[in-house]
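Okay, structure first, notes after.
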Amino acid sequence: METTKHTGMKKTDLKRLCLMGLFVALIFLLGQTPLGLIPLGWCNVTLLVIPVAVGTLYMGLKCGLGLGLAFGMTSFLSALLKPSVLVGTLMGASPVLAAVMTFVPRLCVPAVIYFVNKALEGKWRKASMPVACALGSLTNTVLYLGMMLLFYTMLGIDNAKVLTAIGATAGGAGPAEAVAAALIAPPIVAAIRKVGRKA
């Protein structure tokens with residue numbers, strides 16, 4: 001019986017590892033192709049929150065943080081190879097602060113999604129995942145642009161364009177990303193869980 005239980009655990013761990021690898025590959029695919037980043041000139045609208053949200057809700061916080069790290073890595077790679085105007089300016093002034101801006105918000109996303117979902121899934125089970133995904137996406141937007149504004153101010157760089165980007169994102173891209181995450185991620189999680197129960 002112990003052998004059967006051990007084999008079952010190994011099989012489950014292997015499935016999780018394979019799924020984690022697929023999510024990481026998807027994040028890098030979206031991050032390094034036009035499929036996941038929509039350039040607006042002053043910033044990039046990203047859809048990379050969705051695989052992070054799905055992975056966090058299905059596999060837990062530890063895996064979610066790993067996916068958030070992958071999100072940050074592909075964002076930093078984009079900042080090095082094809083930066084937007086604002087990111088390129090910050091990267092030229094301080095690569096360290098640019099790295100902080102690309103990694104910290106992305107690592108906060110799975111934490112917000114995980115704990116908001118846990119807090120709501122008791123009384124508001126149907127709304128817990130959509131709300132968690134939306135708030136996770138907004139966390140990324142608010143922290144990313146907020147840090148950009150803070151670092152521009154700290155370094156004495158003209159932040160007029162940052163303020164313009166914040167206004168444009170708050171009025172369009174940010175809410176759109178949040179709605180997309182809320183609508184797309186929960187059905188994917190439900191589908192994966194259904195397949196997992198049948199396997």
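Following the order of the structure tokens, chains are lettered A, B, ..., residues in each are numbered from 1, and ligands are numbered from 1.
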
Could you give me, as JSON lines, every stretch 90-135 of chain A residue with an atom at most 10 Å from stretch 62-68 of chain A, plus its closest atom pair and distance in Å to one decimal, counting only C-alpha atoms, rows ordered by chain then number?
```
{"residue": "A:Phe103", "atom": "CA", "partner": "A:Gly68", "partner_atom": "CA", "distance": 8.0}
{"residue": "A:Val104", "atom": "CA", "partner": "A:Gly68", "partner_atom": "CA", "distance": 9.0}
{"residue": "A:Pro105", "atom": "CA", "partner": "A:Gly68", "partner_atom": "CA", "distance": 8.7}
{"residue": "A:Arg106", "atom": "CA", "partner": "A:Gly68", "partner_atom": "CA", "distance": 5.0}
{"residue": "A:Leu107", "atom": "CA", "partner": "A:Gly68", "partner_atom": "CA", "distance": 4.8}
{"residue": "A:Cys108", "atom": "CA", "partner": "A:Gly68", "partner_atom": "CA", "distance": 7.7}
{"residue": "A:Val109", "atom": "CA", "partner": "A:Gly68", "partner_atom": "CA", "distance": 6.9}
{"residue": "A:Pro110", "atom": "CA", "partner": "A:Gly64", "partner_atom": "CA", "distance": 5.2}
{"residue": "A:Ala111", "atom": "CA", "partner": "A:Leu65", "partner_atom": "CA", "distance": 7.4}
{"residue": "A:Ile113", "atom": "CA", "partner": "A:Gly64", "partner_atom": "CA", "distance": 9.0}
{"residue": "A:Tyr114", "atom": "CA", "partner": "A:Gly64", "partner_atom": "CA", "distance": 8.3}
```

Per residue of stretch 12-88 of chain A within 9 Å of stretch 140-148 of chain A, what are the shortest atom pair and its distance in Å to one decimal, counting only C-alpha atoms, with rows by chain and residue number, as a tab-separated table?
```
residue	atom	partner	partner_atom	distance
A:Val49	CA	A:Asn140	CA	8.1
A:Leu86	CA	A:Met148	CA	8.4
A:Val87	CA	A:Met148	CA	8.1
```

Might you pull out every residue within 6 Å of A:Asn117, with only C-alpha atoms counted and same-chain residues fewer than 3 positions away left off, and present them as a list in words? Ile113, Tyr114, Leu120, Glu121, Ser128, Met129 and Ala132 of chain A

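Atom CA of A:Arg197 is found 22.3 Å from atom CA of A:Ile50.
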
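The residue that comes closest to A:Val162, out of A:Ser94, A:Val85, A:Ala181, A:Val131 and on the basis of only C-alpha atoms, is A:Val85.
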
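Counting only C-alpha atoms, stretch 13-30 of chain A has the following residues at most 8 Å away, ignoring those fewer than 5 positions along the same chain: Leu35, Gly36, Leu37, Leu47, Leu48, Pro51, Val52, Gly55, Met59, Cys63, Leu67, Ala70, Phe71 and Thr74 of chain A.
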
Run DSSP on the backbone and grab whatever in stretch 1-147 of chain A lands in alpha helix (DSSP H); send it over as a PyMOL selection string. chain A and resi 2-32+49-59+61-81+85-93+95-120+125-147

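With only C-alpha atoms as the atoms that count, the residue of A:Ala178, A:Asp158, A:Ile166, A:Leu61 with the shortest distance to A:Thr139 is A:Ala178.
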
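Look at A:Thr102: the protein and nucleic acid residues within 9 Å of it, using only C-alpha atoms and passing over chain neighbours fewer than 6 places away, are Phe71, Gly72, Met73, Ser75, Phe76, Ala79 and Tyr144 of chain A.
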
Could you state the separation of atom CA of A:Thr164 and atom CA of A:Leu135 in Å, given to one decimal place? 22.6 Å

So which residues touch A:Val54 within 7 Å, counting only C-alpha atoms, skipping near sequence neighbours fewer than 4 positions away, as an mmCIF file with N, CA and C atoms, in the first residue's frame?
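Saved to out.cif:
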```
data_model
loop_
_atom_site.group_PDB
_atom_site.id
_atom_site.type_symbol
_atom_site.label_atom_id
_atom_site.label_comp_id
_atom_site.auth_asym_id
_atom_site.auth_seq_id
_atom_site.Cartn_x
_atom_site.Cartn_y
_atom_site.Cartn_z
ATOM 1 N N ILE A 50 -2.256 36.266 -16.968
ATOM 2 C CA ILE A 50 -3.203 35.150 -17.066
ATOM 3 C C ILE A 50 -2.568 33.794 -16.738
ATOM 4 N N TYR A 58 -4.375 26.980 -9.526
ATOM 5 C CA TYR A 58 -4.414 25.521 -9.670
ATOM 6 C C TYR A 58 -3.347 24.814 -8.824
ATOM 7 N N ALA A 185 -8.958 33.505 -16.950
ATOM 8 C CA ALA A 185 -8.243 32.578 -16.069
ATOM 9 C C ALA A 185 -9.154 31.573 -15.340
ATOM 10 N N ILE A 188 -10.242 28.484 -17.338
ATOM 11 C CA ILE A 188 -9.097 27.616 -17.631
ATOM 12 C C ILE A 188 -8.770 26.759 -16.419
ATOM 13 N N VAL A 189 -8.798 27.380 -15.226
ATOM 14 C CA VAL A 189 -8.543 26.633 -13.993
ATOM 15 C C VAL A 189 -9.581 25.526 -13.824
#
```

Atom CA of A:Ile192 to atom CA of A:Thr56, straight-line distance in Å: 12.5 Å

According to DSSP computed on the backbone, where in stretch 18-171 of chain A is there strand (DSSP E or B)? Give the residues as a list in words. Leu37, Ile38, Pro39, Asn44, Val45 and Thr46 of chain A

Can you write out the residues you just picked, keeping N, CA, C and O atoms, as a PDB file, in the first residue's frame?
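Now in selection_30.pdb:
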```pdb
ATOM      1  N   LEU A  37       2.461  40.793 -25.604  1.00  0.00           N
ATOM      2  CA  LEU A  37       2.736  42.183 -25.291  1.00  0.00           C
ATOM      3  C   LEU A  37       2.205  43.083 -26.399  1.00  0.00           C
ATOM      4  O   LEU A  37       2.541  42.903 -27.566  1.00  0.00           O
ATOM      5  N   ILE A  38       1.379  44.018 -26.033  1.00  0.00           N
ATOM      6  CA  ILE A  38       0.828  44.962 -27.002  1.00  0.00           C
ATOM      7  C   ILE A  38       1.506  46.313 -26.783  1.00  0.00           C
ATOM      8  O   ILE A  38       1.224  47.010 -25.811  1.00  0.00           O
ATOM      9  N   PRO A  39       2.463  46.705 -27.630  1.00  0.00           N
ATOM     10  CA  PRO A  39       3.183  47.952 -27.421  1.00  0.00           C
ATOM     11  C   PRO A  39       2.341  49.178 -27.764  1.00  0.00           C
ATOM     12  O   PRO A  39       1.702  49.233 -28.813  1.00  0.00           O
ATOM     13  N   ASN A  44       3.982  48.830 -22.411  1.00  0.00           N
ATOM     14  CA  ASN A  44       3.500  47.598 -23.028  1.00  0.00           C
ATOM     15  C   ASN A  44       2.323  47.041 -22.240  1.00  0.00           C
ATOM     16  O   ASN A  44       2.421  46.846 -21.031  1.00  0.00           O
ATOM     17  N   VAL A  45       1.226  46.817 -22.928  1.00  0.00           N
ATOM     18  CA  VAL A  45       0.076  46.160 -22.306  1.00  0.00           C
ATOM     19  C   VAL A  45       0.345  44.659 -22.333  1.00  0.00           C
ATOM     20  O   VAL A  45       0.632  44.103 -23.380  1.00  0.00           O
ATOM     21  N   THR A  46       0.282  44.019 -21.177  1.00  0.00           N
ATOM     22  CA  THR A  46       0.672  42.618 -21.106  1.00  0.00           C
ATOM     23  C   THR A  46      -0.489  41.702 -20.735  1.00  0.00           C
ATOM     24  O   THR A  46      -1.376  42.076 -19.980  1.00  0.00           O
TER      25      THR A  46
END
```
